[in-house]
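Shown next: my_file17.cif, containing mmCIF, C-alpha atoms and all ligand atoms.
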data_protein
loop_
_atom_site.group_PDB
_atom_site.id
_atom_site.type_symbol
_atom_site.label_atom_id
_atom_site.label_comp_id
_atom_site.auth_asym_id
_atom_site.auth_seq_id
_atom_site.Cartn_x
_atom_site.Cartn_y
_atom_site.Cartn_z
ATOM 1 C CA MET A 27 41.586 134.644 21.366
ATOM 2 C CA ARG A 28 37.851 135.176 21.195
ATOM 3 C CA ILE A 29 36.220 134.511 17.817
ATOM 4 C CA THR A 30 32.911 136.267 17.186
ATOM 5 C CA LEU A 31 30.565 136.309 14.224
ATOM 6 C CA VAL A 32 28.827 139.476 13.107
ATOM 7 C CA GLN A 33 26.313 139.873 10.319
ATOM 8 C CA GLY A 34 26.821 143.209 8.623
ATOM 9 C CA ASP A 35 29.173 145.529 6.789
ATOM 10 C CA ILE A 36 32.876 145.183 7.536
ATOM 11 C CA THR A 37 33.534 148.873 6.888
ATOM 12 C CA ALA A 38 31.482 149.767 9.990
ATOM 13 C CA GLN A 39 33.618 147.707 12.383
ATOM 14 C CA ASP A 40 35.395 149.516 15.201
ATOM 15 C CA VAL A 41 38.532 147.377 15.319
ATOM 16 C CA ASP A 42 42.264 147.951 14.984
ATOM 17 C CA ALA A 43 42.387 146.361 11.541
ATOM 18 C CA VAL A 44 39.916 145.281 8.884
ATOM 19 C CA VAL A 45 40.946 142.725 6.302
ATOM 20 C CA ASN A 46 40.189 143.472 2.669
ATOM 21 C CA ALA A 47 39.423 140.743 0.120
ATOM 22 C CA ALA A 48 41.539 142.481 -2.503
ATOM 23 C CA ASN A 49 42.963 141.440 -5.857
ATOM 24 C CA SER A 50 46.621 141.349 -6.735
ATOM 25 C CA SER A 51 46.532 144.760 -8.432
ATOM 26 C CA LEU A 52 45.746 146.362 -5.029
ATOM 27 C CA LEU A 53 43.942 149.032 -7.021
ATOM 28 C CA GLY A 54 40.394 148.293 -5.929
ATOM 29 C CA GLY A 55 37.424 146.372 -7.248
ATOM 30 C CA GLY A 56 33.914 145.366 -6.220
ATOM 31 C CA GLY A 57 32.547 143.626 -3.116
ATOM 32 C CA VAL A 58 34.399 144.227 0.151
ATOM 33 C CA ASP A 59 37.235 145.919 -1.718
ATOM 34 C CA GLY A 60 34.913 148.470 -3.318
ATOM 35 C CA ALA A 61 33.148 149.118 -0.013
ATOM 36 C CA ILE A 62 36.417 149.675 1.901
ATOM 37 C CA HIS A 63 37.791 152.110 -0.671
ATOM 38 C CA ARG A 64 34.470 153.969 -0.954
ATOM 39 C CA ARG A 65 34.049 154.424 2.764
ATOM 40 C CA GLY A 66 37.735 154.801 3.621
ATOM 41 C CA GLY A 67 38.401 157.456 0.995
ATOM 42 C CA PRO A 68 41.317 158.065 -1.383
ATOM 43 C CA ALA A 69 44.150 157.771 1.186
ATOM 44 C CA ILE A 70 43.948 153.957 1.050
ATOM 45 C CA LEU A 71 44.267 153.809 -2.722
ATOM 46 C CA ALA A 72 47.163 156.264 -2.632
ATOM 47 C CA GLU A 73 49.041 153.960 -0.231
ATOM 48 C CA CYS A 74 48.182 150.931 -2.340
ATOM 49 C CA ARG A 75 49.673 152.656 -5.380
ATOM 50 C CA GLU A 76 52.862 153.356 -3.417
ATOM 51 C CA LEU A 77 53.069 149.713 -2.352
ATOM 52 C CA ARG A 78 52.688 148.632 -5.979
ATOM 53 C CA ALA A 79 55.487 150.952 -7.008
ATOM 54 C CA SER A 80 57.845 150.107 -4.147
ATOM 55 C CA HIS A 81 57.296 146.371 -3.547
ATOM 56 C CA TYR A 82 54.707 144.730 -5.747
ATOM 57 C CA GLY A 83 55.339 145.743 -9.329
ATOM 58 C CA LYS A 84 53.886 142.410 -10.458
ATOM 59 C CA GLY A 85 51.048 142.604 -7.951
ATOM 60 C CA LEU A 86 50.557 141.098 -4.493
ATOM 61 C CA PRO A 87 50.683 137.303 -4.885
ATOM 62 C CA THR A 88 47.645 135.202 -3.984
ATOM 63 C CA GLY A 89 47.699 134.128 -0.330
ATOM 64 C CA GLN A 90 49.797 137.077 0.845
ATOM 65 C CA ALA A 91 48.796 140.156 2.863
ATOM 66 C CA VAL A 92 49.995 143.726 3.244
ATOM 67 C CA ALA A 93 48.796 146.668 5.344
ATOM 68 C CA THR A 94 47.913 150.285 4.698
ATOM 69 C CA THR A 95 46.354 152.850 6.981
ATOM 70 C CA ALA A 96 42.559 152.976 6.898
ATOM 71 C CA GLY A 97 41.736 156.517 5.791
ATOM 72 C CA GLU A 98 38.361 157.564 7.140
ATOM 73 C CA LEU A 99 37.368 154.147 8.483
ATOM 74 C CA ALA A 100 37.078 153.664 12.243
ATOM 75 C CA ALA A 101 39.848 151.067 11.993
ATOM 76 C CA ARG A 102 43.500 152.101 12.076
ATOM 77 C CA TRP A 103 44.669 149.745 9.361
ATOM 78 C CA VAL A 104 43.446 147.822 6.357
ATOM 79 C CA ILE A 105 45.160 144.504 5.755
ATOM 80 C CA HIS A 106 44.806 143.669 2.074
ATOM 81 C CA THR A 107 44.920 139.984 1.205
ATOM 82 C CA VAL A 108 44.412 138.264 -2.129
ATOM 83 C CA GLY A 109 42.239 135.170 -2.020
ATOM 84 C CA PRO A 110 42.391 132.434 -4.643
ATOM 85 C CA VAL A 111 39.722 132.154 -7.318
ATOM 86 C CA PHE A 112 37.829 128.918 -6.595
ATOM 87 C CA SER A 113 38.673 126.027 -8.894
ATOM 88 C CA ALA A 114 36.866 122.691 -8.971
ATOM 89 C CA ALA A 115 39.828 121.216 -10.860
ATOM 90 C CA GLU A 116 42.599 122.247 -8.463
ATOM 91 C CA ASP A 117 42.693 122.317 -4.654
ATOM 92 C CA ARG A 118 43.625 125.877 -3.693
ATOM 93 C CA SER A 119 42.627 125.514 -0.034
ATOM 94 C CA ASP A 120 46.121 126.182 1.216
ATOM 95 C CA LEU A 121 46.163 129.543 -0.556
ATOM 96 C CA LEU A 122 42.895 130.463 1.120
ATOM 97 C CA ALA A 123 44.253 129.346 4.513
ATOM 98 C CA SER A 124 47.374 131.394 3.782
ATOM 99 C CA CYS A 125 45.268 134.564 3.482
ATOM 100 C CA TYR A 126 44.149 134.129 7.101
ATOM 101 C CA ARG A 127 47.609 133.139 8.385
ATOM 102 C CA GLU A 128 49.363 135.984 6.584
ATOM 103 C CA SER A 129 46.746 138.535 7.636
ATOM 104 C CA LEU A 130 47.232 137.488 11.262
ATOM 105 C CA ARG A 131 50.998 137.697 10.840
ATOM 106 C CA VAL A 132 50.678 141.253 9.495
ATOM 107 C CA ALA A 133 48.252 142.107 12.318
ATOM 108 C CA GLY A 134 50.928 140.933 14.754
ATOM 109 C CA GLU A 135 53.530 143.163 13.122
ATOM 110 C CA LEU A 136 51.175 146.125 13.449
ATOM 111 C CA GLY A 137 50.374 145.342 17.067
ATOM 112 C CA ALA A 138 46.662 145.042 16.193
ATOM 113 C CA THR A 139 44.701 143.088 18.786
ATOM 114 C CA SER A 140 41.223 143.381 17.244
ATOM 115 C CA VAL A 141 40.769 142.302 13.636
ATOM 116 C CA ALA A 142 37.707 141.902 11.410
ATOM 117 C CA PHE A 143 37.782 139.448 8.503
ATOM 118 C CA PRO A 144 35.337 139.076 5.624
ATOM 119 C CA ALA A 145 34.674 135.663 4.061
ATOM 120 C CA VAL A 146 37.613 135.890 1.662
ATOM 121 C CA SER A 147 37.060 134.448 -1.854
ATOM 122 C CA THR A 148 33.340 133.734 -1.355
ATOM 123 C CA GLY A 149 32.028 136.530 -3.603
ATOM 124 C CA VAL A 150 33.528 137.375 -6.980
ATOM 125 C CA TYR A 151 36.031 134.508 -6.498
ATOM 126 C CA SER A 152 33.111 132.060 -5.978
ATOM 127 C CA TRP A 153 34.464 129.785 -3.233
ATOM 128 C CA PRO A 154 31.603 127.672 -1.782
ATOM 129 C CA MET A 155 30.603 129.272 1.520
ATOM 130 C CA ASP A 156 30.556 126.149 3.742
ATOM 131 C CA ASP A 157 34.034 125.110 2.658
ATOM 132 C CA ALA A 158 35.417 128.647 2.924
ATOM 133 C CA ALA A 159 33.965 128.959 6.428
ATOM 134 C CA ARG A 160 35.567 125.694 7.563
ATOM 135 C CA ILE A 161 38.968 126.740 6.180
ATOM 136 C CA ALA A 162 38.702 130.195 7.766
ATOM 137 C CA ILE A 163 37.723 128.939 11.219
ATOM 138 C CA ASP A 164 40.171 126.016 11.271
ATOM 139 C CA THR A 165 43.032 128.235 10.126
ATOM 140 C CA VAL A 166 42.561 131.061 12.608
ATOM 141 C CA ARG A 167 42.167 128.533 15.417
ATOM 142 C CA ALA A 168 45.436 126.872 14.449
ATOM 143 C CA THR A 169 47.450 130.083 14.025
ATOM 144 C CA PRO A 170 49.388 131.450 17.010
ATOM 145 C CA THR A 171 48.536 135.148 17.333
ATOM 146 C CA GLN A 172 48.415 138.101 19.694
ATOM 147 C CA VAL A 173 44.998 139.053 18.339
ATOM 148 C CA THR A 174 42.475 138.743 21.171
ATOM 149 C CA ASP A 175 39.293 139.902 19.361
ATOM 150 C CA LEU A 176 38.853 138.237 15.983
ATOM 151 C CA ARG A 177 35.577 138.880 14.179
ATOM 152 C CA PHE A 178 34.204 137.407 11.010
ATOM 153 C CA VAL A 179 31.881 139.954 9.461
ATOM 154 C CA LEU A 180 29.442 138.170 7.204
ATOM 155 C CA PHE A 181 27.293 139.989 4.726
ATOM 156 C CA THR A 182 24.460 137.504 4.372
ATOM 157 C CA GLN A 183 22.437 135.214 6.611
ATOM 158 C CA ASP A 184 23.729 132.205 4.634
ATOM 159 C CA ALA A 185 27.320 133.218 5.281
ATOM 160 C CA TYR A 186 26.606 133.764 8.968
ATOM 161 C CA THR A 187 25.012 130.314 9.272
ATOM 162 C CA ALA A 188 27.925 128.642 7.476
ATOM 163 C CA PHE A 189 30.430 130.252 9.856
ATOM 164 C CA GLU A 190 28.285 129.388 12.867
ATOM 165 C CA GLU A 191 28.299 125.739 11.835
ATOM 166 C CA ALA A 192 32.047 125.758 11.220
ATOM 167 C CA LEU A 193 32.618 127.337 14.625
ATOM 168 C CA ASP A 194 30.394 124.789 16.380
ATOM 169 C CA ALA A 195 31.922 121.865 14.496
ATOM 170 C CA GLY A 196 35.372 122.516 15.904
ATOM 171 C CA SER A 197 34.511 123.705 19.388
ATOM 172 C CA PRO A 198 35.928 121.807 22.395
ATOM 173 C CA GLY A 199 33.857 118.934 23.677
ATOM 174 C CA GLN A 200 32.100 118.196 20.391
HETATM 175 N N1 LIG B 301 31.150 143.688 4.387
HETATM 176 C C1 LIG B 301 31.296 142.377 4.635
HETATM 177 N N2 LIG B 301 31.221 141.433 3.681
HETATM 178 C C2 LIG B 301 30.966 141.841 2.421
HETATM 179 C C3 LIG B 301 30.793 143.203 2.073
HETATM 180 C C4 LIG B 301 30.889 144.156 3.130
HETATM 181 N N3 LIG B 301 30.757 145.474 2.924
HETATM 182 N N4 LIG B 301 30.565 143.281 0.732
HETATM 183 C C5 LIG B 301 30.585 142.024 0.255
HETATM 184 N N5 LIG B 301 30.815 141.147 1.266
HETATM 185 P P1 LIG B 301 34.156 139.691 -2.493
HETATM 186 P P2 LIG B 301 36.331 137.798 -3.184
HETATM 187 C C6 LIG B 301 30.964 139.681 1.226
HETATM 188 O O1 LIG B 301 33.572 139.569 -3.857
HETATM 189 O O2 LIG B 301 35.354 136.721 -3.477
HETATM 190 C C7 LIG B 301 36.735 142.329 -5.684
HETATM 191 O O3 LIG B 301 36.343 142.884 -6.889
HETATM 192 C C8 LIG B 301 30.464 138.948 0.005
HETATM 193 O O4 LIG B 301 29.060 138.693 0.128
HETATM 194 O O5 LIG B 301 34.245 141.026 -1.867
HETATM 195 O O6 LIG B 301 37.551 137.484 -2.371
HETATM 196 C C9 LIG B 301 38.243 142.367 -5.471
HETATM 197 O O7 LIG B 301 38.819 143.524 -6.019
HETATM 198 C C10 LIG B 301 31.290 137.683 0.045
HETATM 199 O O8 LIG B 301 30.714 136.704 0.905
HETATM 200 O O9 LIG B 301 35.672 139.084 -2.442
HETATM 201 C C11 LIG B 301 38.698 141.133 -6.171
HETATM 202 O O10 LIG B 301 38.847 141.344 -7.560
HETATM 203 C C12 LIG B 301 32.614 138.114 0.676
HETATM 204 O O11 LIG B 301 32.353 139.407 1.233
HETATM 205 C C13 LIG B 301 37.587 140.147 -5.925
HETATM 206 O O12 LIG B 301 36.417 140.947 -5.720
HETATM 207 C C14 LIG B 301 33.778 138.224 -0.297
HETATM 208 O O13 LIG B 301 33.318 138.708 -1.551
HETATM 209 C C15 LIG B 301 37.804 139.319 -4.688
HETATM 210 O O14 LIG B 301 36.773 138.373 -4.584
#
Serialized structure, structure tokens:
Amino acid sequence: MRITLVQGDITAQDVDAVVNAANSSLLGGGGVDGAIHRRGGPAILAECRELRASHYGKGLPTGQAVATTAGELAARWVIHTVGPVFSAAEDRSDLLASCYRESLRVAGELGATSVAFPAVSTGVYSWPMDDAARIAIDTVRATPTQVTDLRFVLFTQDAYTAFEEALDAGSPGQ
């Protein structure tokens, strides 16, 4: 698996699947979620509503992931995952790691080989970027997957730098 870092907008990525930093309602929000629904159009929300009705009446639990088609995006699928809200009082790292593991598991079920991830939980959910980057990189490296092209699409220069450092920190020979 090749891991690449991109600075930009995840909705513009030409990949099999883009991962959405959703909330458990699956009914949209701000940040990445808002951008994906805006650019992907109403088909994504319609599928999310069906998923709520059929499987997730109480919402998609934190750390889990589920797929819909991607509407008008270049991608074929959107994998919606719910990151944990950062807490200084409680270590929720495993839930954040679970978002990456579960998204890769769903990607495998779909047969997706190229997947773009945002920095889950680092916006509205206020996870510190350096720590989130380390968890994201360590987790995808440790997860067996058929994905061959895994991209982290980072919105800001600070996010890009944090992921670059996390990638370098764990690379072979260092
Ligand atoms: N492409 C790539 N990254 C982006 C984009 C974009 N178009 N827009 C923002 N980011 P957030 P969360 C970055 O808040 O923290 C929503 O309301 C952003 O700078 O999207 O997991 C949901 O509905 C940040 O680094 O997700 C939930 O209620 C990262 O993406 C809640 O926010 C994640 O920020 C989820 O919060």
Neighbouring residues of ligand LIG 301 (chain B) are defined here as those with any atom at most 6 Å from a ligand atom, counting all atoms listed in the file; list them as a list of chain:residue names. A:Asp35, A:Ile36, A:Thr37, A:Ala47, A:Ala48, A:Asn49, A:Gly54, A:Gly55, A:Gly56, A:Gly57, A:Val58, A:Asp59, A:Ala61, A:Gly109, A:Pro144, A:Ala145, A:Val146, A:Ser147, A:Thr148, A:Gly149, A:Val150, A:Tyr151, A:Ser152, A:Val179, A:Leu180, A:Phe181
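This file, filtered with the PyMOL selection byres (((chain A and resi 192) around 10) and not hetatm), gives the residues Asp156, Asp157, Ala158, Ala159, Arg160, Ile161, Ala162, Ile163, Asp164, Tyr186, Thr187, Ala188, Phe189, Glu190, Glu191, Leu193, Asp194, Ala195, Gly196 and Ser197 of chain A.
Using only C-alpha atoms, the nearest neighbour of Pro68 of chain A within the list A:Ala115, A:Thr95, A:Leu176, A:Ala185 is A:Thr95.
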Resolved residues for the PyMOL selection byres (((chain A and resi 28) around 8) and not hetatm) as a ChimeraX atom specification: /A:27,29-30,174-176
Enumerate, as a list of chain:residue names, the residues matched when the PyMOL selection byres (((chain A and resi 96-100) around 6) and not hetatm) is run on the file above. A:Asp40, A:Gly66, A:Gly67, A:Ala69, A:Ile70, A:Thr95, A:Ala101, A:Arg102, A:Trp103, A:Val104
When you look at segment 129-138 of chain A with a cut-off of 9 Å (counting all atoms listed in the file), what residues show up, excluding the ones that are within fewer than 5 positions of it in the same chain? I need them as a short mmCIF file (atom, residue, chain, number, x, y, z; two decimals) with C-alpha atoms, keeping the file's coordinate frame.
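File written: selection.cif
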data_model
loop_
_atom_site.label_atom_id
_atom_site.label_comp_id
_atom_site.auth_asym_id
_atom_site.auth_seq_id
_atom_site.Cartn_x
_atom_site.Cartn_y
_atom_site.Cartn_z
CA VAL A 41 38.53 147.38 15.32
CA ASP A 42 42.26 147.95 14.98
CA ALA A 43 42.39 146.36 11.54
CA VAL A 45 40.95 142.72 6.30
CA GLN A 90 49.80 137.08 0.84
CA ALA A 91 48.80 140.16 2.86
CA VAL A 92 50.00 143.73 3.24
CA ALA A 93 48.80 146.67 5.34
CA ARG A 102 43.50 152.10 12.08
CA TRP A 103 44.67 149.74 9.36
CA ILE A 105 45.16 144.50 5.76
CA HIS A 106 44.81 143.67 2.07
CA THR A 107 44.92 139.98 1.20
CA SER A 124 47.37 131.39 3.78
CA VAL A 166 42.56 131.06 12.61
CA THR A 169 47.45 130.08 14.02
CA PRO A 170 49.39 131.45 17.01
CA THR A 171 48.54 135.15 17.33
CA GLN A 172 48.42 138.10 19.69
CA VAL A 173 45.00 139.05 18.34
#
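Among the candidates A:Val44, A:Ala38, A:Ser50, A:Asp184, the residue lying nearest to Arg65 of chain A is A:Ala38 (atoms considered: all atoms listed in the file).
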To one decimal place, how far is atom CA of Thr165 of chain A from atom CA of Arg127 of chain A in Å? 6.9 Å
Among A:Pro110, A:Pro154, A:Gly89, A:Gly83, Tyr126 of chain A is approached most closely, using only C-alpha atoms, by A:Gly89
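Our summary of the geometry notes that atom CA of Val32 of chain A is positioned 10.1 Å from atom CA of Phe143 of chain A.
Here atom CA of Leu77 of chain A is placed at a distance of 21.4 Å from atom CA of Leu121 of chain A.
For the set A:Gln39, A:Asn46, A:Ser119, A:Gln33, the residue with the smallest atom-to-atom gap to Thr94 of chain A is A:Asn46, counting all atoms listed in the file.
Nearest to Ala72 of chain A of all the residues A:Gly60, A:Thr139, A:Gly85, A:Leu53 is A:Leu53, based on all atoms listed in the file.
Minimum atom-to-atom distance to Val111 of chain A, evaluated using only C-alpha atoms, belongs to A:Trp153 out of A:Ala142, A:Leu71, A:Trp153, A:Ala123.
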